[in-house]
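Everything below belongs to run-v1.cif, which stores mmCIF, N, CA and C atoms.
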data_protein
loop_
_atom_site.label_atom_id
_atom_site.label_comp_id
_atom_site.auth_asym_id
_atom_site.auth_seq_id
_atom_site.Cartn_x
_atom_site.Cartn_y
_atom_site.Cartn_z
N MET A 1 0.84 -1.18 0.00
CA MET A 1 0.00 0.00 0.00
C MET A 1 0.89 1.25 0.00
N LYS A 2 0.37 2.26 -0.63
CA LYS A 2 1.09 3.54 -0.67
C LYS A 2 0.33 4.56 0.16
N TYR A 3 1.08 5.32 0.91
CA TYR A 3 0.52 6.31 1.82
C TYR A 3 1.30 7.61 1.71
N VAL A 4 0.68 8.69 2.16
CA VAL A 4 1.37 9.98 2.33
C VAL A 4 0.88 10.57 3.65
N TYR A 5 1.82 10.88 4.53
CA TYR A 5 1.48 11.47 5.83
C TYR A 5 2.25 12.75 6.05
N PRO A 6 1.62 13.73 6.69
CA PRO A 6 2.36 14.94 7.05
C PRO A 6 3.28 14.65 8.23
N ALA A 7 4.44 15.27 8.20
CA ALA A 7 5.41 15.13 9.30
C ALA A 7 5.90 16.52 9.67
N ILE A 8 6.20 16.69 10.94
CA ILE A 8 6.72 17.96 11.43
C ILE A 8 8.19 17.77 11.78
N LEU A 9 9.04 18.60 11.20
CA LEU A 9 10.48 18.57 11.48
C LEU A 9 10.80 19.76 12.38
N TYR A 10 11.70 19.52 13.34
CA TYR A 10 12.03 20.58 14.30
C TYR A 10 13.46 20.37 14.80
N PRO A 11 14.14 21.48 15.17
CA PRO A 11 15.50 21.35 15.69
C PRO A 11 15.48 20.64 17.04
N ASP A 12 16.47 19.74 17.25
CA ASP A 12 16.51 18.96 18.49
C ASP A 12 17.96 18.62 18.84
N ASP A 13 18.57 19.37 19.72
CA ASP A 13 19.95 19.12 20.18
C ASP A 13 20.94 18.94 19.03
N GLY A 14 20.92 19.85 18.07
CA GLY A 14 21.86 19.78 16.95
C GLY A 14 21.44 18.80 15.87
N GLN A 15 20.32 18.16 16.05
CA GLN A 15 19.80 17.24 15.03
C GLN A 15 18.43 17.75 14.59
N ILE A 16 17.78 16.97 13.74
CA ILE A 16 16.44 17.34 13.31
C ILE A 16 15.48 16.25 13.77
N GLY A 17 14.57 16.64 14.66
CA GLY A 17 13.54 15.72 15.14
C GLY A 17 12.39 15.66 14.15
N VAL A 18 11.70 14.54 14.16
CA VAL A 18 10.54 14.36 13.28
C VAL A 18 9.43 13.72 14.09
N ARG A 19 8.23 14.27 13.96
CA ARG A 19 7.07 13.61 14.55
C ARG A 19 5.97 13.54 13.49
N VAL A 20 5.21 12.46 13.57
CA VAL A 20 4.13 12.24 12.63
C VAL A 20 2.84 12.24 13.45
N PRO A 21 2.16 13.39 13.52
CA PRO A 21 1.02 13.53 14.42
C PRO A 21 -0.11 12.51 14.22
N ASP A 22 -0.31 12.05 13.01
CA ASP A 22 -1.41 11.12 12.74
C ASP A 22 -1.11 9.69 13.19
N LEU A 23 0.16 9.38 13.47
CA LEU A 23 0.55 8.03 13.85
C LEU A 23 1.08 8.07 15.28
N PRO A 24 0.27 7.70 16.26
CA PRO A 24 0.68 7.79 17.67
C PRO A 24 2.02 7.11 17.94
N GLY A 25 2.92 7.86 18.58
CA GLY A 25 4.22 7.31 18.94
C GLY A 25 5.23 7.27 17.81
N CYS A 26 4.89 7.82 16.67
CA CYS A 26 5.80 7.78 15.51
C CYS A 26 6.70 9.02 15.54
N TYR A 27 7.91 8.83 16.08
CA TYR A 27 8.93 9.87 16.19
C TYR A 27 10.25 9.32 15.70
N THR A 28 11.09 10.18 15.17
CA THR A 28 12.44 9.80 14.81
C THR A 28 13.27 11.08 14.71
N PHE A 29 14.50 10.96 14.26
CA PHE A 29 15.36 12.13 14.09
C PHE A 29 16.43 11.80 13.05
N GLY A 30 17.12 12.84 12.60
CA GLY A 30 18.21 12.66 11.65
C GLY A 30 19.32 13.65 11.93
N ARG A 31 20.51 13.33 11.42
CA ARG A 31 21.68 14.20 11.61
C ARG A 31 21.51 15.52 10.86
N ASP A 32 20.86 15.45 9.70
CA ASP A 32 20.62 16.63 8.87
C ASP A 32 19.27 16.44 8.18
N MET A 33 18.88 17.37 7.34
CA MET A 33 17.56 17.31 6.70
C MET A 33 17.38 16.03 5.88
N ALA A 34 18.34 15.69 5.06
CA ALA A 34 18.21 14.49 4.23
C ALA A 34 18.04 13.24 5.10
N ASP A 35 18.88 13.12 6.11
CA ASP A 35 18.80 11.97 7.00
C ASP A 35 17.45 11.93 7.72
N ALA A 36 16.97 13.08 8.18
CA ALA A 36 15.68 13.14 8.88
C ALA A 36 14.54 12.70 7.97
N LEU A 37 14.57 13.11 6.70
CA LEU A 37 13.51 12.72 5.76
C LEU A 37 13.54 11.21 5.49
N PHE A 38 14.74 10.65 5.32
CA PHE A 38 14.84 9.20 5.12
C PHE A 38 14.39 8.43 6.37
N MET A 39 14.77 8.94 7.53
CA MET A 39 14.37 8.28 8.78
C MET A 39 12.86 8.38 8.98
N ALA A 40 12.26 9.50 8.58
CA ALA A 40 10.81 9.67 8.69
C ALA A 40 10.09 8.65 7.81
N LYS A 41 10.56 8.48 6.61
CA LYS A 41 9.96 7.48 5.70
C LYS A 41 10.04 6.10 6.33
N ASP A 42 11.18 5.76 6.87
CA ASP A 42 11.38 4.46 7.49
C ASP A 42 10.46 4.29 8.70
N ALA A 43 10.38 5.30 9.55
CA ALA A 43 9.54 5.21 10.75
C ALA A 43 8.06 5.05 10.38
N ILE A 44 7.61 5.79 9.38
CA ILE A 44 6.21 5.68 8.94
C ILE A 44 5.94 4.29 8.37
N GLU A 45 6.87 3.79 7.54
CA GLU A 45 6.67 2.45 6.96
C GLU A 45 6.64 1.37 8.04
N ILE A 46 7.50 1.48 9.04
CA ILE A 46 7.48 0.50 10.14
C ILE A 46 6.14 0.57 10.87
N TRP A 47 5.68 1.77 11.18
CA TRP A 47 4.42 1.94 11.90
C TRP A 47 3.27 1.33 11.11
N LEU A 48 3.20 1.68 9.83
CA LEU A 48 2.09 1.20 8.99
C LEU A 48 2.18 -0.30 8.73
N TRP A 49 3.39 -0.80 8.53
CA TRP A 49 3.60 -2.24 8.30
C TRP A 49 3.10 -3.03 9.51
N SER A 50 3.42 -2.54 10.69
CA SER A 50 2.96 -3.20 11.90
C SER A 50 1.43 -3.19 11.99
N ALA A 51 0.83 -2.05 11.67
CA ALA A 51 -0.64 -1.95 11.69
C ALA A 51 -1.26 -2.93 10.69
N GLU A 52 -0.69 -2.98 9.49
CA GLU A 52 -1.21 -3.91 8.48
C GLU A 52 -1.08 -5.36 8.95
N ASN A 53 0.06 -5.69 9.54
CA ASN A 53 0.26 -7.06 10.03
C ASN A 53 -0.73 -7.42 11.12
N ASP A 54 -1.14 -6.41 11.92
CA ASP A 54 -2.12 -6.63 12.99
C ASP A 54 -3.56 -6.47 12.49
N ARG A 55 -3.69 -6.32 11.17
CA ARG A 55 -5.00 -6.14 10.52
C ARG A 55 -5.77 -4.92 11.06
N GLU A 56 -5.00 -3.89 11.38
CA GLU A 56 -5.59 -2.63 11.84
C GLU A 56 -5.65 -1.66 10.65
N THR A 57 -6.66 -0.85 10.63
CA THR A 57 -6.77 0.16 9.58
C THR A 57 -5.97 1.39 10.01
N PRO A 58 -4.97 1.78 9.22
CA PRO A 58 -4.18 2.97 9.59
C PRO A 58 -5.07 4.21 9.62
N PRO A 59 -4.77 5.15 10.50
CA PRO A 59 -5.57 6.37 10.55
C PRO A 59 -5.40 7.18 9.26
N PRO A 60 -6.41 7.93 8.90
CA PRO A 60 -6.28 8.76 7.70
C PRO A 60 -5.27 9.89 7.96
N ALA A 61 -4.66 10.34 6.89
CA ALA A 61 -3.73 11.47 7.00
C ALA A 61 -4.51 12.76 7.15
N SER A 62 -4.06 13.61 8.05
CA SER A 62 -4.70 14.91 8.24
C SER A 62 -4.44 15.80 7.04
N GLU A 63 -5.42 16.63 6.76
CA GLU A 63 -5.26 17.59 5.65
C GLU A 63 -4.65 18.89 6.13
N SER A 64 -4.74 19.14 7.43
CA SER A 64 -4.21 20.38 7.99
C SER A 64 -3.58 20.08 9.35
N ILE A 65 -2.33 20.49 9.53
CA ILE A 65 -1.61 20.28 10.78
C ILE A 65 -1.02 21.63 11.20
N PRO A 66 -1.32 22.07 12.41
CA PRO A 66 -0.70 23.34 12.87
C PRO A 66 0.76 23.11 13.23
N VAL A 67 1.59 24.10 12.94
CA VAL A 67 3.01 24.00 13.30
C VAL A 67 3.40 25.22 14.12
N ASN A 68 4.36 25.01 14.99
CA ASN A 68 4.89 26.09 15.83
C ASN A 68 6.05 26.78 15.13
N SER A 69 6.46 27.90 15.66
CA SER A 69 7.61 28.63 15.14
C SER A 69 8.85 27.74 15.19
N GLY A 70 9.61 27.73 14.12
CA GLY A 70 10.82 26.91 14.05
C GLY A 70 10.57 25.51 13.54
N GLU A 71 9.32 25.13 13.35
CA GLU A 71 8.99 23.80 12.82
C GLU A 71 8.70 23.89 11.33
N THR A 72 8.90 22.77 10.64
CA THR A 72 8.63 22.70 9.21
C THR A 72 7.68 21.54 8.96
N LEU A 73 6.64 21.80 8.21
CA LEU A 73 5.68 20.75 7.84
C LEU A 73 6.04 20.23 6.46
N THR A 74 6.09 18.91 6.31
CA THR A 74 6.36 18.31 5.02
C THR A 74 5.51 17.06 4.87
N LEU A 75 5.42 16.56 3.66
CA LEU A 75 4.71 15.31 3.39
C LEU A 75 5.73 14.21 3.12
N ILE A 76 5.46 13.03 3.67
CA ILE A 76 6.35 11.90 3.50
C ILE A 76 5.57 10.77 2.82
N ALA A 77 6.08 10.29 1.70
CA ALA A 77 5.47 9.15 1.00
C ALA A 77 6.04 7.86 1.57
N ALA A 78 5.16 6.89 1.78
CA ALA A 78 5.58 5.59 2.32
C ALA A 78 4.94 4.49 1.50
N ASP A 79 5.69 3.41 1.31
CA ASP A 79 5.21 2.26 0.54
C ASP A 79 5.46 1.00 1.36
N THR A 80 4.40 0.45 1.96
CA THR A 80 4.58 -0.72 2.82
C THR A 80 4.87 -1.99 2.02
N ASP A 81 4.44 -2.04 0.77
CA ASP A 81 4.78 -3.21 -0.06
C ASP A 81 6.30 -3.25 -0.30
N GLU A 82 6.86 -2.09 -0.62
CA GLU A 82 8.32 -1.99 -0.82
C GLU A 82 9.05 -2.32 0.48
N TYR A 83 8.55 -1.79 1.59
CA TYR A 83 9.18 -2.04 2.89
C TYR A 83 9.14 -3.54 3.24
N ARG A 84 7.99 -4.16 2.99
CA ARG A 84 7.83 -5.58 3.28
C ARG A 84 8.82 -6.42 2.46
N ARG A 85 8.95 -6.09 1.17
CA ARG A 85 9.90 -6.83 0.31
C ARG A 85 11.33 -6.72 0.83
N ALA A 86 11.67 -5.53 1.30
CA ALA A 86 13.04 -5.31 1.76
C ALA A 86 13.33 -5.88 3.14
N ASN A 87 12.30 -6.05 3.97
CA ASN A 87 12.56 -6.39 5.37
C ASN A 87 11.92 -7.67 5.89
N ASP A 88 10.94 -8.20 5.20
CA ASP A 88 10.29 -9.42 5.68
C ASP A 88 10.96 -10.61 5.01
N THR A 89 11.95 -11.16 5.66
CA THR A 89 12.74 -12.24 5.07
C THR A 89 12.37 -13.61 5.63
N ARG A 90 11.20 -13.71 6.28
CA ARG A 90 10.77 -15.01 6.80
C ARG A 90 10.64 -16.00 5.65
N ALA A 91 11.04 -17.23 5.91
CA ALA A 91 10.89 -18.28 4.91
C ALA A 91 9.46 -18.82 4.96
N VAL A 92 8.91 -19.11 3.81
CA VAL A 92 7.58 -19.67 3.69
C VAL A 92 7.70 -21.01 2.98
N LYS A 93 7.15 -22.04 3.59
CA LYS A 93 7.23 -23.37 3.00
C LYS A 93 6.19 -23.49 1.90
N LYS A 94 6.61 -23.99 0.74
CA LYS A 94 5.73 -24.19 -0.40
C LYS A 94 5.81 -25.65 -0.83
N THR A 95 4.68 -26.22 -1.14
CA THR A 95 4.64 -27.57 -1.69
C THR A 95 4.46 -27.44 -3.20
N LEU A 96 5.30 -28.13 -3.95
CA LEU A 96 5.20 -28.05 -5.41
C LEU A 96 5.51 -29.41 -6.02
N SER A 97 5.23 -29.51 -7.27
CA SER A 97 5.46 -30.78 -7.99
C SER A 97 6.39 -30.54 -9.17
N ILE A 98 7.32 -31.46 -9.36
CA ILE A 98 8.18 -31.47 -10.54
C ILE A 98 8.24 -32.90 -11.05
N PRO A 99 8.59 -33.10 -12.30
CA PRO A 99 8.66 -34.47 -12.82
C PRO A 99 9.70 -35.30 -12.05
N SER A 100 9.41 -36.55 -11.87
CA SER A 100 10.27 -37.46 -11.11
C SER A 100 11.69 -37.50 -11.68
N TRP A 101 11.81 -37.57 -13.01
CA TRP A 101 13.13 -37.65 -13.64
C TRP A 101 13.97 -36.41 -13.33
N LEU A 102 13.28 -35.21 -13.29
CA LEU A 102 13.99 -33.96 -13.00
C LEU A 102 14.44 -33.94 -11.53
N ASN A 103 13.59 -34.41 -10.65
CA ASN A 103 13.93 -34.49 -9.24
C ASN A 103 15.15 -35.40 -9.03
N ALA A 104 15.15 -36.56 -9.70
CA ALA A 104 16.26 -37.51 -9.55
C ALA A 104 17.58 -36.88 -10.00
N GLN A 105 17.56 -36.21 -11.14
CA GLN A 105 18.79 -35.58 -11.64
C GLN A 105 19.24 -34.44 -10.72
N ALA A 106 18.30 -33.66 -10.23
CA ALA A 106 18.65 -32.55 -9.35
C ALA A 106 19.23 -33.06 -8.03
N GLU A 107 18.63 -34.10 -7.47
CA GLU A 107 19.16 -34.67 -6.22
C GLU A 107 20.54 -35.24 -6.44
N LYS A 108 20.75 -35.91 -7.58
CA LYS A 108 22.06 -36.49 -7.91
C LYS A 108 23.12 -35.39 -7.99
N ALA A 109 22.72 -34.21 -8.45
CA ALA A 109 23.65 -33.08 -8.59
C ALA A 109 23.72 -32.22 -7.32
N ASN A 110 23.03 -32.67 -6.26
CA ASN A 110 22.97 -31.89 -5.01
C ASN A 110 22.50 -30.45 -5.26
N ALA A 111 21.48 -30.32 -6.10
CA ALA A 111 20.96 -29.00 -6.44
C ALA A 111 20.31 -28.35 -5.21
N PRO A 112 20.61 -27.07 -4.96
CA PRO A 112 19.98 -26.34 -3.86
C PRO A 112 18.57 -25.88 -4.31
N PHE A 113 17.58 -26.73 -4.10
CA PHE A 113 16.22 -26.47 -4.60
C PHE A 113 15.69 -25.09 -4.22
N SER A 114 15.78 -24.75 -2.95
CA SER A 114 15.22 -23.49 -2.47
C SER A 114 15.89 -22.30 -3.15
N GLN A 115 17.19 -22.33 -3.24
CA GLN A 115 17.92 -21.23 -3.87
C GLN A 115 17.56 -21.11 -5.35
N ILE A 116 17.47 -22.23 -6.03
CA ILE A 116 17.13 -22.21 -7.46
C ILE A 116 15.72 -21.66 -7.67
N LEU A 117 14.79 -22.09 -6.81
CA LEU A 117 13.41 -21.59 -6.93
C LEU A 117 13.37 -20.08 -6.68
N GLN A 118 14.07 -19.61 -5.65
CA GLN A 118 14.08 -18.18 -5.36
C GLN A 118 14.67 -17.39 -6.53
N GLU A 119 15.79 -17.86 -7.06
CA GLU A 119 16.42 -17.16 -8.19
C GLU A 119 15.51 -17.18 -9.42
N GLY A 120 14.86 -18.31 -9.66
CA GLY A 120 13.95 -18.43 -10.80
C GLY A 120 12.75 -17.50 -10.65
N LEU A 121 12.18 -17.42 -9.45
CA LEU A 121 11.04 -16.53 -9.22
C LEU A 121 11.44 -15.06 -9.38
N LYS A 122 12.60 -14.69 -8.85
CA LYS A 122 13.07 -13.31 -8.99
C LYS A 122 13.27 -12.96 -10.45
N ASN A 123 13.84 -13.89 -11.20
CA ASN A 123 14.04 -13.68 -12.63
C ASN A 123 12.70 -13.54 -13.34
N TYR A 124 11.78 -14.44 -13.05
CA TYR A 124 10.46 -14.43 -13.68
C TYR A 124 9.70 -13.13 -13.37
N LEU A 125 9.81 -12.68 -12.13
CA LEU A 125 9.12 -11.47 -11.69
C LEU A 125 9.92 -10.20 -11.96
N GLN A 126 11.09 -10.35 -12.55
CA GLN A 126 11.99 -9.24 -12.88
C GLN A 126 12.31 -8.39 -11.63
N ILE A 127 12.67 -9.10 -10.55
CA ILE A 127 13.05 -8.44 -9.32
C ILE A 127 14.56 -8.40 -9.23
N ALA A 128 15.11 -7.21 -9.19
CA ALA A 128 16.57 -7.07 -9.07
C ALA A 128 16.93 -6.83 -7.61
N GLU A 129 18.04 -7.33 -7.19
CA GLU A 129 18.49 -7.10 -5.81
C GLU A 129 19.64 -6.14 -5.78
#
Please rewrite the model in this file as structure tokens.
Amino acid sequence: MKYVYPAILYPDDGQIGVRVPDLPGCYTFGRDMADALFMAKDAIEIWLWSAENDRETPPPASESIPVNSGETLTLIAADTDEYRRANDTRAVKKTLSIPSWLNAQAEKANAPFSQILQEGLKNYLQIAE
């Protein structure tokens, strides 16, 4: 899923703090503006990914957020599908069928079935690492 949430950036002990008012407890910081924006994207994706995994509906993004003096309001785009691909590395067991003759030859060659299947699926789906 793709989302966009407003985030407030503010100076914090020589760094840049970030809070996302629509996502309770979603705070982070960065060494500079670029780092803070990347960290904000990551924090939002973690928050939303967790909500999706718990089958919770994420809160809607506010259309208007008040900011104090010295704060900057920005929008952060987040993609939980992209985040899941990059971070959810749990193995999933799959049952499949192949011809007996192919299985015999592959076993004789000590073929790493799981690795070959993963590489084949990535190639088929045009997923680059």
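Here atom CA of Ile127 of chain A and atom CA of Glu82 of chain A stand 11.7 Å from one another.
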- Message: Suppose a student applies the PyMOL selection byres (((chain A and resi 59-76 and name CA) around 7) and name CA) to this structure; what residues should they get, written as a ChimeraX atom specification?
- Response: /A:4-10,22,41,57-58,77-78
- Query: If you run DSSP on this backbone, which residues of chain A come out as strand (DSSP E or B), and could you give them as an MDAnalysis selection string?
  - Reply: chainID A and resid 2:12 15:19 27:30 72:79
- Message: Applying 8 Å and only N, CA and C atoms, which residues near Arg84 of chain A remain after dropping the ones on its own chain fewer than 4 positions away? List them as a VMD selection string.
- Response: chain A and resid 45 49 79 to 80 88 to 89
- If you apply the PyMOL selection byres (((chain A and resi 112-118 and name CA) around 12) and name CA) to this file, what residues do you get, as number ranges by chain? A: 91-96, 98, 102-103, 105-111, 119-129
- Query: Between atom C of Ala36 of chain A and atom CA of Asn53 of chain A, what is the distance, to one decimal in Å?
  - Reply: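 Result for atom C of Ala36 of chain A versus atom CA of Asn53 of chain A: 24.5 Å, one decimal.
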- Item | Sel. of helix (DSSP H, G or I) residues, chain A, as an NGL selection string | :A and (33-53 or 80-87 or 100-108 or 113-124)
- So which one's closest to Met1 of chain A, A:Trp47, A:Phe38, A:Tyr83, A:Tyr27? Using all atoms listed in the file, please. A:Tyr83
- Query: So how many Å separate atom N of Met33 of chain A and atom CA of Pro21 of chain A, to one decimal?
  - Reply: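 Taking atom N of Met33 of chain A as the start and atom CA of Pro21 of chain A as the end point, the length is 19.6 Å.
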- Tell me which residues the PyMOL selection byres ((chain A and resi 17) around 6.5) grabs here, as a list of chain:residue names. A:Ile8, A:Leu9, A:Tyr10, A:Pro11, A:Asp12, A:Gln15, A:Ile16, A:Val18, A:Arg19, A:Thr28, A:Phe29, A:Gly30
